[in-house]
Every structure is written in structure tokens, then in C-alpha cells.
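Scroll down for the structure; my scribbles are underneath it.
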Amino acid sequence: MAFIRRCLPLLIKGVNHIPLANQEKSIHRWVAPTLMELKRREKKQGGKITNPRNTFLEWNLEAELFAFGKRLGEDFDSSLLLQAFTDRSYVIKEEMKQKEMEFAVKMKDNRELSDEGMKFMDDYVQLYLEAVLPKFPKEGIISVKKHLLSENVLANISLHLGTKDIILAAEYPVDNYTLANTFKALVGALHQSSGEDKTAHFVRDFVITQLQGQDVNEFWQIEDPWTMLTDLINKTGASIEPRLIGEVGKGTLLACYRVGLYIDKNMLSAGFGESISVAKEMAAREALKKLFGTEENMHPINFNLQIIPKDSSRSQHQIGSS
């Protein structure tokens with residue numbers, strides 16, 4: 001008994017330090033109703049108001065522009081960089097204020113730089129895609145380029161470069177159109193500041209690399225792959241023959257057919273589908289991917305071209321069963 005009396009305090013002390021899974025949280029009951037009431041009052045007043053960074057006392061626009069260029073590792077002309085971040089809506093807003101105060105200060109918006117940057121990206125992306133995808137048809141190149149230069153893609157690039165808080169616009173937060181337009185203007189400003197080579201590498205590193213991990217075939221919707229395939233094969237003087245090479249569950253809801261396409265008794269591709277026509281279409285799509293060099297096991301797109309590709313006539317590749 002004496003031994004138990006001496007050890008009992010030690011056992012109680014050890015049990016107190018053992019964490020319990022069902023231990024209650026030390027949160028008062030009034031916290032949740034108070035937060036809900038504060039949220040309701042915030043919604044009643046129009047939601048949370050987010051003030052732009054340039055309204056803060058410690059905001060320094062010149063320092064932000066300088067730091068922006070250094071983060072990207074590019075040498076921008078300071079006046080051109082300021083112009084690239086100046087949206088047309090901001091200029092109109094400032095002109096209305098100047099009219100009320102009866103003085104005028106000329107300001108330049110980024111429309112001209114945006115047009116110049118868009119023109120450069122359109123030409124360079126076209127040449128780059130033709131260089132890294134030499135077998136892909138012109139229609140497919142245009143579709144991929146249209147995706148890369150779309151408003152959503154350019155706005156996403158611009159947002160992650162940190163332009164949202166630096167853009168001078170009438171409204172905040174800025175929309176996707178303003179973000180994309182600012183990125184185009186940045187390309188135009190860099191083109192005037194550093195030349196074609198620097199601008200080409202900038203577009204390659206931030207725009208063309210958006211294809212990493214993407215299937216370029218998804219950007220080009222082919223309405224009739226069988227007709228396109230037969231036209232390509234007929235130009236070479238060969239003929240293509242579809243054959244049913246497998247079927248499972250015929251006449252059931254889970255039917256599956258496999259169709260193979262043959263040229264000179266050699267299989268070009270195969271496709272699966274719930275009907276023979278669907279399997280034939282899938283086989284035609286797989287054959288087009290093989291002919292265009294964009295199949296699933298293709299080599300990754302080269303993002304390390306150091307020179308600006310030159311515009312040249314694209315060579316025609318021989319189509320064969322191999």
C-alpha cells in the first residue's frame with residue numbers, strides 16, 4: 001500500500017500529459033455567431049472592399065517599375081514601361097480630373113505598344129511552332145497559336161508576372177482584357193527597348209512554354225478525320241483500307257469494336273469505339289497524329305531554340321505505312 005501511495009501522484013501526472021483524441025476545443029460559444037453576424041453586415045454593405053496598392057502611403061511607382069524589370073531580368077526603358085502599364089481608362093479618368101482643375105498634362109496609354117506587341121507575338125509564335133512542329137498542318141499551327149494568344153492565356157501569364165497591382169486603370173481589380181492588353185504592351189515595350197532577340201526569348205519563355213504538358217491535337221478540332229486522311233493518302237498514290245480486327249459484346253450496351261487501317265497490307269493505326277463507325281473515326285485520328293508527328297509518345301516540344309526561326313517553305317513529308 002505504501003508503494004501505491006508513493007507512485008499514485010506520478011501516475012496521475014503522467015496521465016494529464018497524454019493528449020486525448022476527443023478533447024474539446026477551447027473556443028467560446030459566442031465566436032461563431034459573432035463571425036456570422038459580421039459576415040452578414042459585410043454583405044449588406046456591398047461586400048469586402050479591396051483597395052489598390054497604389055492608394056497606400058508607402059506606394060512608390062518608380063520603385064515598383066524598376067523592381068518589375070529586374071525581376072524579369074530585362075532592361076526596359078522607364079518611360080516605355082510606364083506607358084505599358086497605363087490603361088486607356090486611366091488616361092480618360094485623369095483627363096476628366098484635369099478638366100475640372102483647368103490644366104492639362106499629356107499622358108500616353110498602352111494601345112500602340114499593345115498593337116506592336118501583338119503583331120510581334122503573332123509572327124514569332126507562328127514561326128516557332130512551324131519550326132518545332134514541322135509536320136503539323138498550317139490549320140493546326142493557327143489553332144495552337146490562337147490558343148496561346150487568347151485572352152485567358154495572356155491574362156494568366158500577366159497575372160502571375162505580378163502586373164495586377166502595378167497597372168494604372170480606372171477600376172480595380174482589373175479584368176482579364178486589361179491584364180492581357182498589358183502583357184501585349186510589355187512585349188511591345190521590350191521590343192523597342194532591347195530589340196528582337198531579347199523579345200523573342202521573352203515570348204518563348206513565357207508564352208510558348210504554356211504548351212508544356214499539353215496535347216496540341218486538342219486545340220485543333222478536325223470535323224471529318226477520315227476524309228482528311230484519305231485525301232492525304234491519295235496524294236501519295238497509295239490507298240487505305242479499314243478492317244474490323246476485333247469485337248466484344250456485340251449487340252449489348254457494352255459493345256466494343258476495334259478497326260485497323262492498312263496501307264499495302266501494313267497496319268497504319270487502330271482505334272476503338274462503341275460502334276464500327278466510331279472505331280473507324282478514332283483509327284483515322286490516330287493515323288493523322290502519326291502522320292503529323294503529334295502522337296502521345298512524341299518527343300517533347302523544344303523550348304530552347306536560341307535563334308529566331310526564319311520563314312521558309314515547309315517541306316512535304318512522304319506518307320508511308322512505316
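Each chain of the C-alpha cells is named A, B, ... in the order shown, its residues numbered from 1; ligands are numbered from 1 in display order.
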
- [ ] Run DSSP on the backbone and give me the residues of segment 127-286 of chain A it puts in strand (DSSP E), as a ChimeraX atom specification.
- [x] /A:240-248,256-263,266-273

Those same residues, written as a PDB file, in the first residue's frame with C-alpha atoms?
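Final file, selection-v8.pdb:
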ATOM      1  CA  ILE A 240      -6.025   2.935 -97.350  1.00  0.00           C
ATOM      2  CA  GLU A 241      -8.192   0.009 -96.270  1.00  0.00           C
ATOM      3  CA  PRO A 242     -10.170  -0.199 -92.965  1.00  0.00           C
ATOM      4  CA  ARG A 243     -10.573  -3.645 -91.426  1.00  0.00           C
ATOM      5  CA  LEU A 244     -12.544  -4.887 -88.444  1.00  0.00           C
ATOM      6  CA  ILE A 245      -9.924  -6.707 -86.369  1.00  0.00           C
ATOM      7  CA  GLY A 246     -11.807  -7.213 -83.096  1.00  0.00           C
ATOM      8  CA  GLU A 247     -15.207  -7.018 -81.421  1.00  0.00           C
ATOM      9  CA  VAL A 248     -16.507  -7.697 -77.913  1.00  0.00           C
ATOM     10  CA  CYS A 256     -16.609  -2.523 -78.283  1.00  0.00           C
ATOM     11  CA  TYR A 257     -15.133  -2.714 -81.765  1.00  0.00           C
ATOM     12  CA  ARG A 258     -11.560  -2.360 -82.986  1.00  0.00           C
ATOM     13  CA  VAL A 259     -10.852  -1.137 -86.515  1.00  0.00           C
ATOM     14  CA  GLY A 260      -7.416  -1.139 -88.121  1.00  0.00           C
ATOM     15  CA  LEU A 261      -6.268   0.956 -91.084  1.00  0.00           C
ATOM     16  CA  TYR A 262      -3.914  -0.708 -93.550  1.00  0.00           C
ATOM     17  CA  ILE A 263      -1.687   0.590 -96.336  1.00  0.00           C
ATOM     18  CA  ASN A 266       0.742  -2.955 -93.291  1.00  0.00           C
ATOM     19  CA  MET A 267      -1.158  -1.557 -90.306  1.00  0.00           C
ATOM     20  CA  LEU A 268      -1.020   2.225 -90.014  1.00  0.00           C
ATOM     21  CA  SER A 269      -3.176   2.663 -86.905  1.00  0.00           C
ATOM     22  CA  ALA A 270      -6.036   1.203 -84.911  1.00  0.00           C
ATOM     23  CA  GLY A 271      -8.957   2.630 -82.967  1.00  0.00           C
ATOM     24  CA  PHE A 272     -11.644   1.507 -80.527  1.00  0.00           C
ATOM     25  CA  GLY A 273     -15.305   2.550 -80.293  1.00  0.00           C
TER      26      GLY A 273
END

Open item on the list: Give me, as a PyMOL selection string, the residues of segment 158-289 of chain A that a backbone DSSP run labels alpha helix (DSSP H).
Closed with: chain A and resi 158-160+176-194+196-206+225-235+276-289

Closest contacts (segment 197-275 of chain A/segment 57-78 of chain A, max 10 Å, only C-alpha atoms) as a tab-separated table:
residue	atom	partner	partner_atom	distance
A:Lys198	CA	A:Glu74	CA	8.1
A:Thr199	CA	A:Glu74	CA	9.3
A:Phe202	CA	A:Glu74	CA	8.8

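Contact shell of Phe183 of chain A at 8 Å (only C-alpha atoms; same-chain neighbours under 6 positions omitted): A:Ser114, A:Leu154, A:Ala155, A:Ile157, A:Ser158.
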
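Of the residues listed (A:Lys93, A:Lys119, A:Asn297, A:Asp87), A:Asp87 shows the shortest atom-to-atom separation from Val174 of chain A; distances use only C-alpha atoms.
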
Open item on the list: Report as a PyMOL selection string all protein, DNA and RNA residues lying within 10 Å of Gln192 of chain A, evaluated on only C-alpha atoms, omitting residues in the same chain fewer than 4 positions from it.
Closed with: chain A and resi 76-77+80+113+116-117+186-188+196+199

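For the pair atom CA of Asp231 of chain A and atom CA of Gly293 of chain A, the interatomic distance is 17.7 Å.
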